[in-house]
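Printed here is final_22.txt (compact mmCIF, N, CA and C atoms):
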```
# COMPACT_ATOMS: atom_id res chain seq x y z
N MET A 1 124.63 -141.88 121.05
CA MET A 1 124.19 -141.80 122.42
C MET A 1 125.29 -142.34 123.33
N PHE A 2 125.58 -141.65 124.40
CA PHE A 2 126.64 -142.02 125.34
C PHE A 2 126.18 -143.17 126.22
N LEU A 3 126.99 -144.21 126.32
CA LEU A 3 126.66 -145.37 127.15
C LEU A 3 127.53 -145.38 128.39
N LEU A 4 126.95 -145.80 129.47
CA LEU A 4 127.66 -145.93 130.73
C LEU A 4 127.72 -147.40 131.12
N PHE A 5 128.78 -147.79 131.81
CA PHE A 5 128.97 -149.18 132.22
C PHE A 5 128.87 -149.26 133.73
N PHE A 6 128.05 -150.18 134.22
CA PHE A 6 127.96 -150.42 135.66
C PHE A 6 128.40 -151.85 135.92
N GLY A 7 129.64 -152.02 136.34
CA GLY A 7 130.16 -153.34 136.64
C GLY A 7 129.86 -153.74 138.07
N ALA A 8 130.45 -154.81 138.47
CA ALA A 8 130.21 -155.34 139.80
C ALA A 8 130.59 -154.34 140.89
N ILE A 9 131.51 -153.41 140.58
CA ILE A 9 131.90 -152.44 141.60
C ILE A 9 131.35 -151.05 141.30
N GLY A 10 130.37 -150.93 140.43
CA GLY A 10 129.65 -149.70 140.22
C GLY A 10 130.33 -148.67 139.34
N CYS A 11 131.18 -149.08 138.43
CA CYS A 11 131.89 -148.14 137.57
C CYS A 11 130.95 -147.53 136.53
N GLN A 12 131.20 -146.27 136.18
CA GLN A 12 130.26 -145.57 135.33
C GLN A 12 130.82 -145.13 133.99
N TYR A 13 132.12 -145.14 133.77
CA TYR A 13 132.66 -144.55 132.55
C TYR A 13 133.63 -145.47 131.83
N ASP A 14 133.34 -146.72 131.76
CA ASP A 14 134.18 -147.71 131.09
C ASP A 14 134.26 -147.36 129.60
N PRO A 15 135.47 -147.10 129.08
CA PRO A 15 135.58 -146.74 127.66
C PRO A 15 135.24 -147.88 126.70
N TYR A 16 135.10 -149.10 127.20
CA TYR A 16 134.76 -150.25 126.37
C TYR A 16 133.29 -150.64 126.47
N ALA A 17 132.50 -149.89 127.20
CA ALA A 17 131.09 -150.25 127.43
C ALA A 17 130.32 -150.42 126.12
N THR A 18 130.58 -149.59 125.13
CA THR A 18 129.83 -149.69 123.87
C THR A 18 130.24 -150.90 123.04
N ASP A 19 131.36 -151.54 123.40
CA ASP A 19 131.84 -152.71 122.65
C ASP A 19 131.39 -154.03 123.27
N LEU A 20 130.82 -153.99 124.46
CA LEU A 20 130.43 -155.22 125.15
C LEU A 20 129.24 -155.89 124.45
N THR A 21 129.16 -157.19 124.56
CA THR A 21 128.11 -157.98 123.92
C THR A 21 126.86 -157.97 124.79
N ILE A 22 125.76 -157.41 124.27
CA ILE A 22 124.53 -157.33 125.06
C ILE A 22 123.45 -158.32 124.58
N LYS A 23 123.68 -158.95 123.44
CA LYS A 23 122.78 -159.99 122.96
C LYS A 23 123.47 -161.34 123.20
N GLU A 24 122.74 -162.26 123.83
CA GLU A 24 123.34 -163.55 124.18
C GLU A 24 123.88 -164.25 122.94
N PRO A 25 125.18 -164.57 122.94
CA PRO A 25 125.76 -165.29 121.79
C PRO A 25 125.32 -166.74 121.76
N ALA A 26 125.27 -167.33 120.58
CA ALA A 26 125.05 -168.77 120.46
C ALA A 26 126.32 -169.48 120.93
N LEU A 27 126.17 -170.55 121.68
CA LEU A 27 127.33 -171.27 122.18
C LEU A 27 128.29 -171.67 121.07
N LYS A 28 127.75 -172.12 119.94
CA LYS A 28 128.61 -172.58 118.84
C LYS A 28 129.52 -171.46 118.32
N ASP A 29 129.14 -170.22 118.57
CA ASP A 29 129.92 -169.09 118.07
C ASP A 29 131.04 -168.66 119.01
N ILE A 30 131.09 -169.23 120.22
CA ILE A 30 132.13 -168.80 121.15
C ILE A 30 133.19 -169.85 121.42
N PHE A 31 132.97 -171.09 121.00
CA PHE A 31 133.99 -172.12 121.17
C PHE A 31 135.21 -171.76 120.33
N GLY A 32 136.37 -172.16 120.81
CA GLY A 32 137.59 -171.97 120.03
C GLY A 32 138.67 -171.32 120.86
N THR A 33 139.77 -171.02 120.19
CA THR A 33 140.94 -170.43 120.84
C THR A 33 141.02 -168.95 120.52
N TYR A 34 141.17 -168.16 121.56
CA TYR A 34 141.32 -166.71 121.46
C TYR A 34 142.77 -166.37 121.78
N TYR A 35 143.39 -165.58 120.92
CA TYR A 35 144.79 -165.21 121.08
C TYR A 35 144.92 -163.73 121.41
N PHE A 36 145.97 -163.39 122.16
CA PHE A 36 146.22 -162.01 122.52
C PHE A 36 146.21 -161.14 121.27
N GLU A 37 145.46 -160.04 121.32
CA GLU A 37 145.38 -159.12 120.18
C GLU A 37 145.93 -157.74 120.53
N GLU A 38 145.47 -157.17 121.64
CA GLU A 38 145.92 -155.84 122.01
C GLU A 38 145.74 -155.62 123.50
N GLN A 39 146.37 -154.55 123.99
CA GLN A 39 146.27 -154.21 125.40
C GLN A 39 146.36 -152.70 125.58
N THR A 40 145.82 -152.26 126.70
CA THR A 40 146.00 -150.87 127.11
C THR A 40 146.82 -150.82 128.39
N VAL A 41 147.24 -151.98 128.87
CA VAL A 41 148.05 -152.08 130.07
C VAL A 41 149.42 -151.49 129.76
N ARG A 42 149.89 -150.63 130.64
CA ARG A 42 151.22 -150.01 130.45
C ARG A 42 152.29 -150.85 131.13
N ASN A 43 153.50 -150.69 130.69
CA ASN A 43 154.70 -151.29 131.29
C ASN A 43 154.87 -152.78 131.06
N ILE A 44 154.06 -153.40 130.20
CA ILE A 44 154.30 -154.82 129.94
C ILE A 44 154.28 -155.14 128.44
N ASP A 45 154.46 -154.14 127.59
CA ASP A 45 154.45 -154.40 126.16
C ASP A 45 155.42 -155.50 125.77
N GLY A 46 156.64 -155.45 126.28
CA GLY A 46 157.63 -156.46 125.96
C GLY A 46 157.24 -157.84 126.45
N LEU A 47 156.58 -157.90 127.59
CA LEU A 47 156.14 -159.17 128.15
C LEU A 47 155.19 -159.89 127.21
N MET A 48 154.19 -159.18 126.68
CA MET A 48 153.22 -159.83 125.82
C MET A 48 153.82 -160.21 124.47
N ALA A 49 154.75 -159.43 123.97
CA ALA A 49 155.37 -159.75 122.69
C ALA A 49 156.17 -161.06 122.77
N LYS A 50 156.60 -161.44 123.94
CA LYS A 50 157.43 -162.64 124.10
C LYS A 50 156.63 -163.87 124.50
N LYS A 51 155.38 -163.70 124.87
CA LYS A 51 154.59 -164.81 125.38
C LYS A 51 153.41 -165.10 124.47
N ASP A 52 153.08 -166.37 124.35
CA ASP A 52 151.92 -166.79 123.56
C ASP A 52 150.73 -166.91 124.50
N ALA A 53 150.02 -165.81 124.70
CA ALA A 53 148.88 -165.79 125.60
C ALA A 53 147.63 -166.22 124.84
N SER A 54 146.88 -167.17 125.41
CA SER A 54 145.67 -167.64 124.74
C SER A 54 144.67 -168.17 125.75
N ILE A 55 143.41 -168.20 125.31
CA ILE A 55 142.31 -168.77 126.10
C ILE A 55 141.51 -169.66 125.16
N ASN A 56 141.41 -170.94 125.49
CA ASN A 56 140.68 -171.90 124.67
C ASN A 56 139.39 -172.28 125.40
N LEU A 57 138.25 -172.04 124.75
CA LEU A 57 136.94 -172.43 125.30
C LEU A 57 136.46 -173.66 124.54
N ASN A 58 136.39 -174.78 125.23
CA ASN A 58 135.98 -176.04 124.61
C ASN A 58 134.47 -176.24 124.71
N ALA A 59 133.91 -176.97 123.77
CA ALA A 59 132.46 -177.23 123.71
C ALA A 59 131.98 -178.04 124.92
N ASP A 60 132.87 -178.77 125.57
CA ASP A 60 132.45 -179.57 126.73
C ASP A 60 132.41 -178.77 128.03
N GLY A 61 132.61 -177.45 127.95
CA GLY A 61 132.55 -176.60 129.14
C GLY A 61 133.86 -176.47 129.89
N THR A 62 134.95 -176.93 129.30
CA THR A 62 136.26 -176.76 129.90
C THR A 62 137.02 -175.66 129.16
N TYR A 63 138.02 -175.12 129.84
CA TYR A 63 138.87 -174.10 129.21
C TYR A 63 140.33 -174.40 129.52
N LEU A 64 141.21 -173.81 128.73
CA LEU A 64 142.64 -173.82 128.98
C LEU A 64 143.13 -172.40 128.75
N MET A 65 143.72 -171.81 129.78
CA MET A 65 144.27 -170.47 129.73
C MET A 65 145.78 -170.59 129.80
N THR A 66 146.51 -169.92 128.89
CA THR A 66 147.96 -170.06 128.84
C THR A 66 148.63 -168.69 128.81
N ASN A 67 149.56 -168.47 129.75
CA ASN A 67 150.41 -167.28 129.79
C ASN A 67 149.65 -165.96 129.86
N ILE A 68 148.62 -165.89 130.70
CA ILE A 68 147.87 -164.65 130.88
C ILE A 68 148.44 -163.91 132.08
N PRO A 69 148.84 -162.65 131.91
CA PRO A 69 149.39 -161.90 133.05
C PRO A 69 148.33 -161.65 134.12
N ASP A 70 148.69 -161.90 135.36
CA ASP A 70 147.85 -161.55 136.50
C ASP A 70 148.36 -160.21 137.01
N LEU A 71 147.67 -159.14 136.67
CA LEU A 71 148.15 -157.79 136.93
C LEU A 71 147.50 -157.13 138.13
N THR A 72 146.58 -157.77 138.78
CA THR A 72 145.88 -157.12 139.88
C THR A 72 146.86 -156.68 140.96
N GLY A 73 146.84 -155.39 141.24
CA GLY A 73 147.68 -154.84 142.30
C GLY A 73 149.15 -154.71 141.94
N LYS A 74 149.53 -154.98 140.71
CA LYS A 74 150.94 -154.93 140.33
C LYS A 74 151.30 -153.54 139.80
N GLN A 75 152.46 -153.07 140.20
CA GLN A 75 152.89 -151.74 139.80
C GLN A 75 154.03 -151.77 138.78
N ASN A 76 154.71 -152.91 138.64
CA ASN A 76 155.80 -152.97 137.67
C ASN A 76 155.98 -154.40 137.20
N MET A 77 156.77 -154.56 136.13
CA MET A 77 156.92 -155.87 135.48
C MET A 77 157.50 -156.94 136.39
N LYS A 78 158.36 -156.59 137.33
CA LYS A 78 158.99 -157.63 138.14
C LYS A 78 158.00 -158.36 139.04
N ASP A 79 156.83 -157.76 139.27
CA ASP A 79 155.81 -158.39 140.11
C ASP A 79 154.82 -159.24 139.33
N ILE A 80 154.88 -159.24 138.02
CA ILE A 80 153.87 -159.91 137.19
C ILE A 80 154.12 -161.41 137.13
N LYS A 81 153.04 -162.15 137.35
CA LYS A 81 153.10 -163.60 137.25
C LYS A 81 152.20 -164.01 136.09
N LEU A 82 152.67 -164.93 135.27
CA LEU A 82 151.85 -165.45 134.17
C LEU A 82 151.04 -166.62 134.69
N ILE A 83 149.76 -166.61 134.34
CA ILE A 83 148.83 -167.64 134.79
C ILE A 83 148.54 -168.61 133.63
N SER A 84 148.69 -169.86 133.90
CA SER A 84 148.20 -170.92 133.02
C SER A 84 147.30 -171.79 133.89
N ALA A 85 146.09 -172.04 133.41
CA ALA A 85 145.12 -172.77 134.22
C ALA A 85 144.14 -173.51 133.32
N TRP A 86 143.46 -174.46 133.90
CA TRP A 86 142.36 -175.14 133.20
C TRP A 86 141.27 -175.41 134.22
N GLY A 87 140.06 -175.51 133.73
CA GLY A 87 138.92 -175.75 134.60
C GLY A 87 137.64 -175.69 133.80
N GLN A 88 136.57 -175.30 134.46
CA GLN A 88 135.25 -175.22 133.83
C GLN A 88 134.93 -173.76 133.50
N TRP A 89 134.14 -173.56 132.45
CA TRP A 89 133.65 -172.22 132.14
C TRP A 89 132.15 -172.30 131.93
N GLU A 90 131.50 -171.16 132.14
CA GLU A 90 130.08 -171.05 131.83
C GLU A 90 129.82 -169.66 131.26
N MET A 91 128.91 -169.59 130.31
CA MET A 91 128.50 -168.31 129.76
C MET A 91 127.41 -167.75 130.67
N THR A 92 127.51 -166.45 130.96
CA THR A 92 126.56 -165.80 131.85
C THR A 92 126.64 -164.30 131.63
N THR A 93 125.73 -163.57 132.25
CA THR A 93 125.87 -162.12 132.21
C THR A 93 126.93 -161.74 133.24
N VAL A 94 127.78 -160.80 132.88
CA VAL A 94 128.90 -160.44 133.75
C VAL A 94 128.87 -158.98 134.16
N SER A 95 128.02 -158.16 133.54
CA SER A 95 127.91 -156.75 133.88
C SER A 95 126.67 -156.19 133.21
N GLY A 96 126.51 -154.89 133.28
CA GLY A 96 125.37 -154.24 132.64
C GLY A 96 125.80 -152.98 131.91
N VAL A 97 125.10 -152.65 130.85
CA VAL A 97 125.36 -151.44 130.08
C VAL A 97 124.11 -150.57 130.17
N ASP A 98 124.30 -149.32 130.60
CA ASP A 98 123.19 -148.38 130.79
C ASP A 98 123.27 -147.32 129.69
N ASN A 99 122.15 -147.02 129.07
CA ASN A 99 122.15 -146.02 128.00
C ASN A 99 122.15 -144.59 128.54
N GLY A 100 122.28 -144.42 129.84
CA GLY A 100 122.30 -143.10 130.44
C GLY A 100 120.94 -142.65 130.92
N TRP A 101 119.90 -143.38 130.57
CA TRP A 101 118.54 -143.06 130.97
C TRP A 101 117.96 -144.11 131.91
N GLY A 102 118.82 -144.97 132.44
CA GLY A 102 118.37 -145.98 133.39
C GLY A 102 117.90 -147.28 132.77
N HIS A 103 118.11 -147.47 131.48
CA HIS A 103 117.74 -148.71 130.80
C HIS A 103 118.97 -149.60 130.70
N VAL A 104 119.13 -150.47 131.67
CA VAL A 104 120.31 -151.33 131.74
C VAL A 104 120.09 -152.59 130.92
N LYS A 105 121.06 -152.90 130.06
CA LYS A 105 121.07 -154.16 129.31
C LYS A 105 122.22 -154.99 129.85
N GLN A 106 121.98 -156.28 130.01
CA GLN A 106 123.00 -157.17 130.52
C GLN A 106 124.08 -157.40 129.46
N ALA A 107 125.33 -157.43 129.90
CA ALA A 107 126.47 -157.73 129.02
C ALA A 107 126.92 -159.16 129.31
N TRP A 108 127.23 -159.90 128.25
CA TRP A 108 127.56 -161.32 128.34
C TRP A 108 129.06 -161.56 128.41
N GLY A 109 129.40 -162.68 129.01
CA GLY A 109 130.79 -163.09 129.11
C GLY A 109 130.85 -164.49 129.69
N ILE A 110 131.98 -164.79 130.29
CA ILE A 110 132.19 -166.12 130.87
C ILE A 110 132.73 -165.99 132.29
N ARG A 111 132.44 -167.00 133.07
CA ARG A 111 133.03 -167.15 134.40
C ARG A 111 133.84 -168.44 134.38
N LEU A 112 135.04 -168.36 134.95
CA LEU A 112 135.96 -169.49 134.96
C LEU A 112 136.17 -169.99 136.38
N THR A 113 136.32 -171.29 136.52
CA THR A 113 136.70 -171.88 137.80
C THR A 113 138.21 -172.09 137.80
N ALA A 114 138.75 -172.37 138.97
CA ALA A 114 140.14 -172.80 139.14
C ALA A 114 141.17 -171.79 138.61
N VAL A 115 140.88 -170.50 138.78
CA VAL A 115 141.82 -169.47 138.36
C VAL A 115 141.72 -168.31 139.35
N THR A 116 142.74 -167.50 139.42
CA THR A 116 142.72 -166.36 140.33
C THR A 116 141.49 -165.49 140.09
N GLU A 117 140.97 -164.89 141.14
CA GLU A 117 139.72 -164.12 141.04
C GLU A 117 139.80 -163.01 140.00
N SER A 118 140.95 -162.38 139.85
CA SER A 118 141.09 -161.28 138.90
C SER A 118 140.91 -161.72 137.45
N LEU A 119 141.01 -163.02 137.18
CA LEU A 119 140.85 -163.54 135.82
C LEU A 119 139.61 -164.42 135.68
N SER A 120 138.77 -164.48 136.70
CA SER A 120 137.65 -165.42 136.67
C SER A 120 136.42 -164.91 135.92
N THR A 121 136.34 -163.62 135.63
CA THR A 121 135.22 -163.06 134.89
C THR A 121 135.76 -162.33 133.67
N ILE A 122 135.35 -162.77 132.49
CA ILE A 122 135.85 -162.21 131.23
C ILE A 122 134.64 -161.87 130.37
N GLY A 123 134.64 -160.69 129.79
CA GLY A 123 133.52 -160.25 128.97
C GLY A 123 133.69 -160.60 127.51
N PHE A 124 132.57 -160.60 126.79
CA PHE A 124 132.60 -160.71 125.32
C PHE A 124 132.51 -159.32 124.73
N MET A 125 133.12 -159.16 123.57
CA MET A 125 133.01 -157.92 122.80
C MET A 125 132.44 -158.26 121.44
N GLY A 126 131.60 -157.36 120.92
CA GLY A 126 131.02 -157.53 119.60
C GLY A 126 129.58 -157.97 119.70
N GLU A 127 128.87 -157.77 118.59
CA GLU A 127 127.45 -158.13 118.55
C GLU A 127 127.16 -159.26 117.57
N ALA A 128 128.20 -159.84 117.00
CA ALA A 128 128.04 -160.95 116.06
C ALA A 128 129.33 -161.76 116.07
N PRO A 129 129.26 -163.02 115.61
CA PRO A 129 130.50 -163.80 115.51
C PRO A 129 131.50 -163.04 114.65
N ASN A 130 132.60 -163.11 114.89
CA ASN A 130 133.72 -163.44 115.70
C ASN A 130 133.81 -162.53 116.92
N TYR A 131 133.29 -163.05 118.02
CA TYR A 131 133.36 -162.33 119.27
C TYR A 131 134.81 -162.27 119.74
N LYS A 132 135.09 -161.30 120.58
CA LYS A 132 136.39 -161.18 121.22
C LYS A 132 136.17 -161.33 122.72
N LEU A 133 137.26 -161.58 123.44
CA LEU A 133 137.23 -161.62 124.90
C LEU A 133 137.96 -160.39 125.43
N ILE A 134 137.44 -159.81 126.51
CA ILE A 134 138.07 -158.65 127.14
C ILE A 134 138.27 -158.93 128.62
N ILE A 135 139.52 -158.81 129.06
CA ILE A 135 139.86 -158.92 130.47
C ILE A 135 140.12 -157.51 130.96
N THR A 136 139.38 -157.11 131.98
CA THR A 136 139.55 -155.79 132.57
C THR A 136 140.32 -155.93 133.87
N TYR A 137 141.38 -155.15 134.01
CA TYR A 137 142.19 -155.18 135.22
C TYR A 137 141.86 -153.97 136.08
N GLY A 138 141.42 -154.22 137.30
CA GLY A 138 141.11 -153.13 138.22
C GLY A 138 139.82 -152.43 137.86
N ASP A 139 139.79 -151.14 138.09
CA ASP A 139 138.61 -150.31 137.87
C ASP A 139 138.31 -150.20 136.37
N PRO A 140 137.13 -150.64 135.91
CA PRO A 140 136.81 -150.53 134.48
C PRO A 140 136.86 -149.12 133.94
N ASP A 141 136.64 -148.12 134.80
CA ASP A 141 136.72 -146.73 134.35
C ASP A 141 138.10 -146.38 133.81
N ALA A 142 139.13 -147.05 134.30
CA ALA A 142 140.50 -146.76 133.87
C ALA A 142 140.79 -147.31 132.47
N GLY A 143 139.99 -148.26 131.99
CA GLY A 143 140.18 -148.81 130.65
C GLY A 143 141.44 -149.64 130.50
N THR A 144 141.89 -150.27 131.58
CA THR A 144 143.08 -151.11 131.55
C THR A 144 142.65 -152.53 131.21
N VAL A 145 142.87 -152.92 129.95
CA VAL A 145 142.35 -154.19 129.46
C VAL A 145 143.34 -154.94 128.60
N MET A 146 143.05 -156.22 128.41
CA MET A 146 143.67 -157.04 127.38
C MET A 146 142.54 -157.62 126.56
N ILE A 147 142.72 -157.64 125.25
CA ILE A 147 141.69 -158.13 124.34
C ILE A 147 142.25 -159.33 123.58
N PHE A 148 141.42 -160.36 123.45
CA PHE A 148 141.79 -161.60 122.77
C PHE A 148 140.80 -161.85 121.64
N ALA A 149 141.30 -162.35 120.51
CA ALA A 149 140.45 -162.60 119.35
C ALA A 149 140.82 -163.95 118.74
N LYS A 150 139.85 -164.56 118.05
CA LYS A 150 140.11 -165.79 117.30
C LYS A 150 140.88 -165.41 116.04
N LYS A 151 141.77 -166.29 115.61
CA LYS A 151 142.51 -166.05 114.36
C LYS A 151 141.86 -166.76 113.24
```

Using structure tokens, write down the structure that the file contains.
Amino acid sequence: MFLLFFGAIGCQYDPYATDLTIKEPALKDIFGTYYFEEQTVRNIDGLMAKKDASINLNADGTYLMTNIPDLTGKQNMKDIKLISAWGQWEMTTVSGVDNGWGHVKQAWGIRLTAVTESLSTIGFMGEAPNYKLIITYGDPDAGTVMIFAKK
């Protein structure tokens, strides 16, 4: 069955919609460090190969983000800034997944404080532990993402 994604800006054809986490994860299953795994972002392959990008979610509700590209509105590598930040995180619903018949299920993820808005909402992928994190850049319909996984 074809699934549609309706994010905060009303996108309908997110290619990752079927991978989003729709059952609330147990907190104990999401703590830990997530490392860069893959991307669909063009023009920065060399950048990620040279940088140790990671997101650490601590049990006390704090996070540490290291060397994450801030790509919002960027057209080429010379404009890319790497973000390292720390602050608070909370697990919450971050979007919805529609089965095409109007039955929307909430998709889970995290919201971060003290970081640029383009990186403040990150989704979970998977329906069981080892969850992954997905950062979507721009319009979700474009499928421009970075995915992070625990090692």

For this session: State, in Å with one decimal place, the distance from CA of Tyr63 in chain A to atom C of Gln106 in chain A.
Result: 22.3 Å

Residues near Glu37 in chain A, cut-off 6 Å, only N, CA and C atoms, skip fewer than 3 positions along chain, as an mmCIF file with N, CA and C atoms, in the coordinates of the input:
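Wrote result-v2.cif, looks like this:
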```
data_model
loop_
_atom_site.group_PDB
_atom_site.id
_atom_site.type_symbol
_atom_site.label_atom_id
_atom_site.label_comp_id
_atom_site.auth_asym_id
_atom_site.auth_seq_id
_atom_site.Cartn_x
_atom_site.Cartn_y
_atom_site.Cartn_z
ATOM 1 N N ILE A 147 142.720 -157.640 125.250
ATOM 2 C CA ILE A 147 141.690 -158.130 124.340
ATOM 3 C C ILE A 147 142.250 -159.330 123.580
ATOM 4 N N PHE A 148 141.420 -160.360 123.450
ATOM 5 C CA PHE A 148 141.790 -161.600 122.770
ATOM 6 C C PHE A 148 140.800 -161.850 121.640
ATOM 7 N N ALA A 149 141.300 -162.350 120.510
ATOM 8 C CA ALA A 149 140.450 -162.600 119.350
ATOM 9 C C ALA A 149 140.820 -163.950 118.740
#
```

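Closest to Leu71 in chain A among A:Leu27, A:Ala53, A:Val41, A:Ala85 is A:Val41, based on only C-alpha atoms.
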
Problem set entry | d(atom N of Val94 in chain A, atom C of Gly109 in chain A) in Å |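 It comes out at 5.8 Å.
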
For this session: Name all residues at most 6 Å from Lys132 in chain A (count only N, CA and C atoms; drop same-chain ones fewer than 4 positions away) and give them as a ChimeraX atom specification.
Result: /A:123-126,148-150

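Nearest residue to Asp14 in chain A among A:Lys105, A:Val145, A:Pro140, A:Ile83 is A:Pro140, counting all atoms listed in the file.
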
Exercise. Using the chain letters and numbers from this document, which residues of range 69-147 of chain A does DSSP assign to strand (DSSP E), as a ChimeraX atom specification?
Worked result: /A:69-70,81-98,104-112,121-125,132-136,145-147

Exercise. Which is closest to Gly32 in chain A among A:Tyr137, A:Gly87, A:Leu119, A:Lys151, if we use only N, CA and C atoms?
Worked result: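 Checking each of A:Tyr137, A:Gly87, A:Leu119, A:Lys151 against Gly32 in chain A, counting only N, CA and C atoms, the winner is A:Lys151.
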
For this session: Give the answer as one residue: which of A:Ile30, A:Asp52, A:Ile22, A:Arg111 has the shortest atom-to-atom distance to Asn130 in chain A, using only N, CA and C atoms?
Result: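 Smallest distance to Asn130 in chain A is found for A:Ile30.
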
Exercise. What is the atom N of Thr62 in chain A to atom N of Thr92 in chain A distance in Å?
Worked result: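 We find that atom N of Thr62 in chain A and atom N of Thr92 in chain A lie 13.0 Å from each other.
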
Problem set entry | Of the listed residues A:Glu127, A:Val115, A:Gln39, A:Trp86, that which approaches Asp19 in chain A most closely, counting only N, CA and C atoms |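 Of A:Glu127, A:Val115, A:Gln39, A:Trp86, the one nearest Asp19 in chain A is A:Glu127, counting only N, CA and C atoms.
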
For this session: Write out as an MDAnalysis selection string the residues lying within 7 Å of Ile55 in chain A, counting only N, CA and C atoms and excluding same-chain residues fewer than 3 positions away.
Result: chainID A and resid 32:36 63:66
